[in-house]
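Peer 1: One file is attached below, data-v5.cif, containing mmCIF, C-alpha atoms and all ligand atoms.
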```cif
data_target
#
loop_
_atom_site.group_PDB
_atom_site.id
_atom_site.type_symbol
_atom_site.label_atom_id
_atom_site.label_comp_id
_atom_site.auth_asym_id
_atom_site.auth_seq_id
_atom_site.Cartn_x
_atom_site.Cartn_y
_atom_site.Cartn_z
ATOM 1 C CA MET A 3 23.405 -24.646 62.793
ATOM 2 C CA SER A 4 22.897 -22.683 66.000
ATOM 3 C CA VAL A 5 20.644 -24.070 68.707
ATOM 4 C CA SER A 6 17.998 -21.383 68.203
ATOM 5 C CA LYS A 7 17.915 -22.024 64.430
ATOM 6 C CA PHE A 8 17.473 -25.701 65.140
ATOM 7 C CA ILE A 9 14.573 -24.993 67.507
ATOM 8 C CA LYS A 10 12.921 -22.645 64.980
ATOM 9 C CA LYS A 11 13.261 -25.260 62.255
ATOM 10 C CA MET A 12 11.824 -27.937 64.531
ATOM 11 C CA MET A 13 8.893 -25.743 65.589
ATOM 12 C CA PHE A 14 8.217 -24.667 62.015
ATOM 13 C CA SER A 15 8.069 -28.273 60.880
ATOM 14 C CA ARG A 16 5.947 -29.126 63.940
ATOM 15 C CA GLN A 17 8.563 -31.520 65.294
ATOM 16 C CA LEU A 18 8.657 -29.653 68.565
ATOM 17 C CA ASN A 19 5.318 -29.132 70.273
ATOM 18 C CA PHE A 20 4.369 -27.592 73.579
ATOM 19 C CA LYS A 21 0.904 -27.612 75.003
ATOM 20 C CA LYS A 22 -0.444 -27.587 78.496
ATOM 21 C CA GLY A 23 0.981 -30.523 80.407
ATOM 22 C CA GLU A 24 2.680 -31.919 77.346
ATOM 23 C CA PHE A 25 5.937 -31.555 75.510
ATOM 24 C CA GLU A 26 6.780 -33.486 72.393
ATOM 25 C CA MET A 27 9.928 -33.691 70.309
ATOM 26 C CA LEU A 28 10.049 -35.599 67.022
ATOM 27 C CA GLY A 29 6.759 -37.216 67.993
ATOM 28 C CA ILE A 30 8.134 -38.537 71.273
ATOM 29 C CA ARG A 31 6.642 -37.348 74.513
ATOM 30 C CA GLY A 32 9.159 -35.734 76.870
ATOM 31 C CA ALA A 33 9.247 -34.483 80.432
ATOM 32 C CA VAL A 34 11.795 -32.023 81.744
ATOM 33 C CA ILE A 35 13.637 -33.421 84.741
ATOM 34 C CA PRO A 36 16.124 -31.180 86.573
ATOM 35 C CA VAL A 37 19.676 -32.523 86.418
ATOM 36 C CA ARG A 38 19.732 -32.599 90.218
ATOM 37 C CA THR A 39 16.741 -34.931 90.254
ATOM 38 C CA PHE A 40 18.317 -37.058 87.551
ATOM 39 C CA THR A 41 21.476 -37.183 89.683
ATOM 40 C CA HIS A 42 19.403 -38.330 92.687
ATOM 41 C CA ILE A 43 18.232 -41.261 90.573
ATOM 42 C CA ILE A 44 21.859 -42.093 89.760
ATOM 43 C CA GLU A 45 22.764 -41.812 93.478
ATOM 44 C CA SER A 46 20.065 -44.313 94.426
ATOM 45 C CA VAL A 47 21.147 -46.769 91.779
ATOM 46 C CA TYR A 48 24.820 -46.284 92.724
ATOM 47 C CA ARG A 49 24.009 -46.972 96.378
ATOM 48 C CA LYS A 50 22.423 -50.301 95.467
ATOM 49 C CA GLN A 51 24.425 -51.379 92.438
ATOM 50 C CA GLY A 52 27.787 -49.616 92.723
ATOM 51 C CA ASP A 53 29.608 -49.117 89.446
ATOM 52 C CA ASP A 54 26.813 -50.900 87.597
ATOM 53 C CA ALA A 55 24.973 -47.583 87.827
ATOM 54 C CA PHE A 56 27.255 -46.372 85.043
ATOM 55 C CA ASN A 57 26.435 -49.375 82.844
ATOM 56 C CA ILE A 58 22.757 -48.595 83.338
ATOM 57 C CA LEU A 59 23.379 -44.982 82.317
ATOM 58 C CA PHE A 60 25.289 -46.134 79.228
ATOM 59 C CA GLU A 61 22.591 -48.625 78.202
ATOM 60 C CA THR A 62 19.874 -46.012 78.734
ATOM 61 C CA GLY A 63 21.860 -43.525 76.658
ATOM 62 C CA LYS A 64 22.164 -46.106 73.893
ATOM 63 C CA GLU A 65 18.397 -46.586 73.806
ATOM 64 C CA HIS A 66 17.907 -42.822 73.751
ATOM 65 C CA GLY A 67 20.394 -42.566 70.892
ATOM 66 C CA LYS A 68 18.607 -45.292 68.919
ATOM 67 C CA LEU A 69 15.368 -43.358 69.216
ATOM 68 C CA GLY A 70 17.074 -40.211 67.924
ATOM 69 C CA VAL A 71 18.678 -42.113 65.049
ATOM 70 C CA GLU A 72 15.338 -43.637 64.118
ATOM 71 C CA LYS A 73 13.465 -40.332 64.241
ATOM 72 C CA LEU A 74 16.057 -38.094 62.620
ATOM 73 C CA GLY A 75 17.313 -40.726 60.213
ATOM 74 C CA LYS A 76 13.883 -41.391 58.783
ATOM 75 C CA LYS A 77 12.981 -37.766 58.339
ATOM 76 C CA HIS A 78 16.191 -36.609 56.711
ATOM 77 C CA SER A 79 18.106 -38.402 54.048
ATOM 78 C CA VAL A 80 21.231 -36.278 54.274
ATOM 79 C CA SER A 81 24.977 -36.825 54.287
ATOM 80 C CA LYS A 82 26.517 -38.723 57.198
ATOM 81 C CA ARG A 83 28.241 -35.604 58.465
ATOM 82 C CA LYS A 84 24.974 -33.618 58.388
ATOM 83 C CA PHE A 85 23.160 -36.463 60.074
ATOM 84 C CA LEU A 86 25.745 -36.477 62.890
ATOM 85 C CA GLU A 87 25.427 -32.715 63.256
ATOM 86 C CA GLU A 88 21.627 -32.923 63.482
ATOM 87 C CA ILE A 89 21.685 -35.598 66.177
ATOM 88 C CA ILE A 90 24.308 -33.701 68.142
ATOM 89 C CA GLU A 91 22.293 -30.501 67.817
ATOM 90 C CA SER A 92 19.177 -32.227 69.132
ATOM 91 C CA GLY A 93 21.219 -33.320 72.166
ATOM 92 C CA ASN A 94 22.439 -29.772 72.670
ATOM 93 C CA VAL A 95 18.848 -28.512 72.557
ATOM 94 C CA MET A 96 17.947 -30.997 75.283
ATOM 95 C CA GLY A 97 20.622 -29.572 77.577
ATOM 96 C CA MET A 98 23.050 -32.488 77.547
ATOM 97 C CA GLY A 99 26.020 -30.126 77.308
ATOM 98 C CA LYS A 100 27.590 -28.467 74.303
ATOM 99 C CA ALA A 101 28.731 -31.251 72.034
ATOM 100 C CA GLU A 102 30.528 -30.942 68.730
ATOM 101 C CA ILE A 103 32.260 -33.211 66.274
ATOM 102 C CA LYS A 104 36.009 -32.989 66.807
ATOM 103 C CA SER A 105 36.835 -35.251 63.904
ATOM 104 C CA PHE A 106 34.997 -37.656 61.651
ATOM 105 C CA ASN A 107 36.856 -40.074 59.426
ATOM 106 C CA PRO A 108 34.523 -42.559 57.691
ATOM 107 C CA GLN A 109 37.460 -44.278 55.933
ATOM 108 C CA GLU A 110 39.141 -45.122 59.218
ATOM 109 C CA GLY A 111 35.820 -45.638 61.004
ATOM 110 C CA LEU A 112 36.761 -43.110 63.635
ATOM 111 C CA LEU A 113 34.695 -40.405 65.290
ATOM 112 C CA ARG A 114 35.685 -38.040 68.081
ATOM 113 C CA VAL A 115 33.123 -35.897 69.879
ATOM 114 C CA ASN A 116 33.897 -33.101 72.315
ATOM 115 C CA LEU A 117 31.523 -32.175 75.100
ATOM 116 C CA LYS A 118 31.690 -28.979 77.115
ATOM 117 C CA ASN A 119 29.571 -27.952 80.050
ATOM 118 C CA SER A 120 28.305 -31.420 80.930
ATOM 119 C CA PRO A 121 25.212 -30.980 83.116
ATOM 120 C CA PHE A 122 26.313 -33.804 85.415
ATOM 121 C CA GLU A 123 29.695 -32.432 86.439
ATOM 122 C CA GLU A 124 28.396 -29.807 88.853
ATOM 123 C CA GLU A 125 25.733 -32.057 90.344
ATOM 124 C CA PHE A 126 28.165 -34.927 90.860
ATOM 125 C CA ARG A 127 30.444 -32.546 92.742
ATOM 126 C CA ARG A 128 27.533 -31.514 94.968
ATOM 127 C CA SER A 129 26.694 -35.122 95.752
ATOM 128 C CA LYS A 130 28.243 -36.639 98.878
ATOM 129 C CA GLU A 131 28.116 -40.086 97.352
ATOM 130 C CA LEU A 132 29.272 -39.317 93.867
ATOM 131 C CA ASN A 133 31.897 -36.614 94.263
ATOM 132 C CA ASP A 134 34.653 -39.085 95.224
ATOM 133 C CA ILE A 135 34.191 -41.259 92.187
ATOM 134 C CA ASN A 136 37.424 -41.655 90.298
ATOM 135 C CA ARG A 137 36.274 -42.174 86.738
ATOM 136 C CA SER A 138 34.679 -40.448 83.758
ATOM 137 C CA ILE A 139 30.991 -39.924 84.400
ATOM 138 C CA ASP A 140 29.222 -38.986 81.176
ATOM 139 C CA GLU A 141 28.067 -42.481 80.374
ATOM 140 C CA PHE A 142 24.606 -41.376 79.298
ATOM 141 C CA GLN A 143 26.009 -39.144 76.565
ATOM 142 C CA ARG A 144 28.530 -41.817 75.569
ATOM 143 C CA GLY A 145 25.612 -44.184 75.060
ATOM 144 C CA VAL A 146 23.725 -41.665 72.918
ATOM 145 C CA PHE A 147 26.757 -40.985 70.707
ATOM 146 C CA HIS A 148 27.559 -44.711 70.631
ATOM 147 C CA SER A 149 24.226 -45.497 68.937
ATOM 148 C CA MET A 150 24.713 -42.538 66.626
ATOM 149 C CA ALA A 151 28.203 -43.809 65.641
ATOM 150 C CA GLU A 152 26.847 -47.335 65.047
ATOM 151 C CA ALA A 153 24.230 -45.889 62.695
ATOM 152 C CA VAL A 154 26.739 -43.763 60.803
ATOM 153 C CA PHE A 155 29.333 -46.519 60.410
ATOM 154 C CA ASP A 156 26.627 -49.148 59.955
ATOM 155 C CA SER A 157 28.676 -51.366 62.240
ATOM 156 C CA GLU A 158 29.308 -52.140 65.885
ATOM 157 C CA VAL A 159 31.629 -49.666 67.539
ATOM 158 C CA GLN A 160 33.889 -49.532 70.566
ATOM 159 C CA SER A 161 33.723 -46.354 72.586
ATOM 160 C CA ARG A 162 35.218 -44.654 75.577
ATOM 161 C CA GLU A 163 35.196 -41.288 77.278
ATOM 162 C CA ASP A 164 38.840 -40.432 76.870
ATOM 163 C CA LYS A 165 38.786 -37.142 78.763
ATOM 164 C CA CYS A 166 36.251 -35.977 81.333
ATOM 165 C CA SER A 167 35.894 -32.545 82.894
ATOM 166 C CA PHE A 168 34.820 -34.282 86.113
ATOM 167 C CA GLN A 169 38.356 -35.667 86.281
ATOM 168 C CA GLY A 170 39.905 -32.274 85.717
ATOM 169 C CA ASP A 171 40.194 -32.219 81.935
ATOM 170 C CA MET A 172 39.316 -29.008 80.098
ATOM 171 C CA HIS A 173 36.366 -30.733 78.474
ATOM 172 C CA CYS A 174 35.039 -34.233 77.873
ATOM 173 C CA GLU A 175 36.051 -36.165 74.783
ATOM 174 C CA PHE A 176 34.596 -39.388 73.435
ATOM 175 C CA ILE A 177 36.154 -41.727 70.897
ATOM 176 C CA PHE A 178 34.161 -44.133 68.728
ATOM 177 C CA LYS A 179 35.899 -46.744 66.608
ATOM 178 C CA GLU A 180 34.275 -49.047 64.111
ATOM 179 C CA VAL A 181 34.777 -52.731 64.946
ATOM 180 C CA ASP A 182 35.906 -54.686 61.859
HETATM 181 ZN ZN ZN A 201 32.777 -36.205 81.078
#
```
In structure tokens, how does this file's structure come out?
Ligand SMILES: [Zn+2]

Peer 2:
Amino acid sequence: MSVSKFIKKMMFSRQLNFKKGEFEMLGIRGAVIPVRTFTHIIESVYRKQGDDAFNILFETGKEHGKLGVEKLGKKHSVSKRKFLEEIIESGNVMGMGKAEIKSFNPQEGLLRVNLKNSPFEEEFRRSKELNDINRSIDEFQRGVFHSMAEAVFDSEVQSREDKCSFQGDMHCEFIFKEVD
């Protein structure tokens, strides 16, 4: 489904609402924060907590993912693949980069997600404090997909960002593996 189709569907079913001073998606109130501002928050946390800033991003992403799973999972009883696509599409609508399923193997408990155009890459490069970091940076998205993978596999998962455009890869790639 294209992003615009997704938005139309959401607006038609009143799952996306705009009114003065208020924006709501799937019944959850939202506020649009520029990526630069978001990056300033990360800078401040990084200054005080060092690498822990990335754990905080991951944990926050996980909570965000759980909310998405709860909202989309309850409204749509669809196949696992479709469910994954819907969650990923909702992330794309929110500007978290262009994510897509690279491979999904329920038998092996393995999911790979590609992410292009991560909103953080450019802002991290602009940042004096963050541009020297030698690691993958898209911990927020990893957290979101992590919760999504846990819901789909109905199990704990291990995850990592295997490639990251911030480190010079063509795009970011996340791997999620069911824990036996
Ligand atoms: Zn990345």

Peer 1: Taking only residues of region 64-148 of chain A that have an atom at most 10 Å from an atom of region 155-164 of chain A, what is each one's shortest atom pair and its distance in Å to one decimal, using all atoms listed in the file, in chain and number order, as JSON lines?

Peer 2:
```
{"residue": "A:Lys82", "atom": "CA", "partner": "A:Phe155", "partner_atom": "CA", "distance": 8.9}
{"residue": "A:Asn107", "atom": "CA", "partner": "A:Phe155", "partner_atom": "CA", "distance": 10.0}
{"residue": "A:Pro108", "atom": "CA", "partner": "A:Phe155", "partner_atom": "CA", "distance": 7.1}
{"residue": "A:Gln109", "atom": "CA", "partner": "A:Phe155", "partner_atom": "CA", "distance": 9.5}
{"residue": "A:Glu110", "atom": "CA", "partner": "A:Phe155", "partner_atom": "CA", "distance": 10.0}
{"residue": "A:Gly111", "atom": "CA", "partner": "A:Phe155", "partner_atom": "CA", "distance": 6.6}
{"residue": "A:Leu112", "atom": "CA", "partner": "A:Phe155", "partner_atom": "CA", "distance": 8.8}
{"residue": "A:Leu113", "atom": "CA", "partner": "A:Ser161", "partner_atom": "CA", "distance": 9.5}
{"residue": "A:Arg114", "atom": "CA", "partner": "A:Asp164", "partner_atom": "CA", "distance": 9.6}
{"residue": "A:Val115", "atom": "CA", "partner": "A:Glu163", "partner_atom": "CA", "distance": 9.4}
{"residue": "A:Asn116", "atom": "CA", "partner": "A:Glu163", "partner_atom": "CA", "distance": 9.7}
{"residue": "A:Arg137", "atom": "CA", "partner": "A:Glu163", "partner_atom": "CA", "distance": 9.6}
{"residue": "A:Ser138", "atom": "CA", "partner": "A:Glu163", "partner_atom": "CA", "distance": 6.6}
{"residue": "A:Ile139", "atom": "CA", "partner": "A:Glu163", "partner_atom": "CA", "distance": 8.4}
{"residue": "A:Asp140", "atom": "CA", "partner": "A:Glu163", "partner_atom": "CA", "distance": 7.5}
{"residue": "A:Glu141", "atom": "CA", "partner": "A:Glu163", "partner_atom": "CA", "distance": 7.9}
{"residue": "A:Gln143", "atom": "CA", "partner": "A:Glu163", "partner_atom": "CA", "distance": 9.5}
{"residue": "A:Arg144", "atom": "CA", "partner": "A:Glu163", "partner_atom": "CA", "distance": 6.9}
{"residue": "A:Gly145", "atom": "CA", "partner": "A:Ser161", "partner_atom": "CA", "distance": 8.8}
{"residue": "A:Phe147", "atom": "CA", "partner": "A:Ser161", "partner_atom": "CA", "distance": 9.0}
{"residue": "A:His148", "atom": "CA", "partner": "A:Ser161", "partner_atom": "CA", "distance": 6.7}
```

Peer 1: Give me the residues near Lys118 (chain A) as a PyMOL selection string, where near means some atom within 7 Å (using only C-alpha atoms) and where sequence neighbours in that chain fewer than 5 positions away do not count.

Peer 2: chain A and resi 99-101+173-174

Peer 1: Give the answer as one residue: which of A:Glu26, A:Glu175, A:Glu91, A:Glu180 has the shortest atom-to-atom distance to ligand ZN 201 (chain A), using all atoms listed in the file?

Peer 2: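 Ranking A:Glu26, A:Glu175, A:Glu91, A:Glu180 by distance to ligand ZN 201 (chain A), first place goes to A:Glu175.
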
Peer 1: Report as number ranges by chain all protein, DNA and RNA residues lying within 8 Å of Phe142 (chain A), evaluated on only C-alpha atoms, omitting residues in the same chain fewer than 2 positions from it.

Peer 2: A: 59-64, 140, 144-146

Peer 1: How would the residues just chosen look if you wrote them out with C-alpha atoms as a CSV table (one decimal), in the coordinates of the input?

Peer 2:
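Once everything was written out, this is again.csv:
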```csv
chain,number,residue,atom,x,y,z
A,59,LEU,CA,23.4,-45.0,82.3
A,60,PHE,CA,25.3,-46.1,79.2
A,61,GLU,CA,22.6,-48.6,78.2
A,62,THR,CA,19.9,-46.0,78.7
A,63,GLY,CA,21.9,-43.5,76.7
A,64,LYS,CA,22.2,-46.1,73.9
A,140,ASP,CA,29.2,-39.0,81.2
A,144,ARG,CA,28.5,-41.8,75.6
A,145,GLY,CA,25.6,-44.2,75.1
A,146,VAL,CA,23.7,-41.7,72.9
```

Peer 1: Please determine, counting only C-alpha atoms and all ligand atoms, which residue among A:Phe168, A:Tyr48, A:Phe178, A:Phe56 has the shortest atom-to-atom distance to ligand ZN 201 (chain A).

Peer 2: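 Closest to ligand ZN 201 (chain A), using only C-alpha atoms and all ligand atoms: A:Phe168.
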
Peer 1: Written as a ChimeraX atom specification, which residues does the PyMOL selection byres (((chain A and resi 130) around 12) and not hetatm) give for the file shown?

Peer 2: /A:41-42,45,48-49,125-129,131-135

Peer 1: Please measure the separation of CA of Met96 (chain A) and CA of Lys22 (chain A), giving the value in Å to one decimal.

Peer 2: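 According to the coordinates, CA of Met96 (chain A) and CA of Lys22 (chain A) are separated by 19.0 Å.
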
Peer 1: If you measure from CA of Leu86 (chain A) to CA of Ile44 (chain A), what distance in Å do you get, rounded to one decimal?

Peer 2: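 Separation of CA of Leu86 (chain A) and CA of Ile44 (chain A): 27.7 Å.
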
Peer 1: Choose the residue, out of A:Leu69, A:Val154, A:Pro121, A:Phe106, that has the smallest atom-to-atom separation from Asn94 (chain A); count all atoms listed in the file.

Peer 2: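 Of A:Leu69, A:Val154, A:Pro121, A:Phe106, the one nearest Asn94 (chain A), counting all atoms listed in the file, is A:Pro121.
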
Peer 1: For region 24-59 of chain A, write C-alpha atoms out as a short mmCIF file (atom, residue, chain, number, x, y, z; two decimals), in the first residue's frame.

Peer 2:
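Once everything was written out, this is decode-v1.cif:
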```cif
data_model
loop_
_atom_site.label_atom_id
_atom_site.label_comp_id
_atom_site.auth_asym_id
_atom_site.auth_seq_id
_atom_site.Cartn_x
_atom_site.Cartn_y
_atom_site.Cartn_z
CA GLU A 24 -4.61 18.72 17.95
CA PHE A 25 -3.46 15.78 15.92
CA GLU A 26 -4.54 12.24 16.62
CA MET A 27 -3.53 8.94 15.09
CA LEU A 28 -5.25 5.68 16.01
CA GLY A 29 -6.78 7.48 18.98
CA ILE A 30 -3.40 8.56 20.33
CA ARG A 31 -2.60 12.23 20.58
CA GLY A 32 0.52 13.26 18.66
CA ALA A 33 2.69 16.33 18.29
CA VAL A 34 5.01 16.94 15.37
CA ILE A 35 8.56 17.53 16.54
CA PRO A 36 11.21 18.46 13.96
CA VAL A 37 13.97 15.85 13.70
CA ARG A 38 16.49 18.55 14.58
CA THR A 39 14.70 19.21 17.86
CA PHE A 40 14.47 15.50 18.53
CA THR A 41 18.22 15.28 17.85
CA HIS A 42 18.84 18.10 20.36
CA ILE A 43 17.10 15.96 22.97
CA ILE A 44 19.39 13.05 22.08
CA GLU A 45 22.43 15.38 22.29
CA SER A 46 21.48 16.48 25.80
CA VAL A 47 20.98 12.93 26.97
CA TYR A 48 24.23 11.83 25.28
CA ARG A 49 26.13 14.63 27.02
CA LYS A 50 24.93 13.42 30.42
CA GLN A 51 24.62 9.68 29.91
CA GLY A 52 26.99 8.81 27.06
CA ASP A 53 26.12 5.66 25.17
CA ASP A 54 23.15 5.07 27.46
CA ALA A 55 21.38 7.64 25.30
CA PHE A 56 21.05 4.89 22.69
CA ASN A 57 19.52 2.47 25.21
CA ILE A 58 16.99 5.15 26.09
CA LEU A 59 16.17 5.60 22.41
#
```
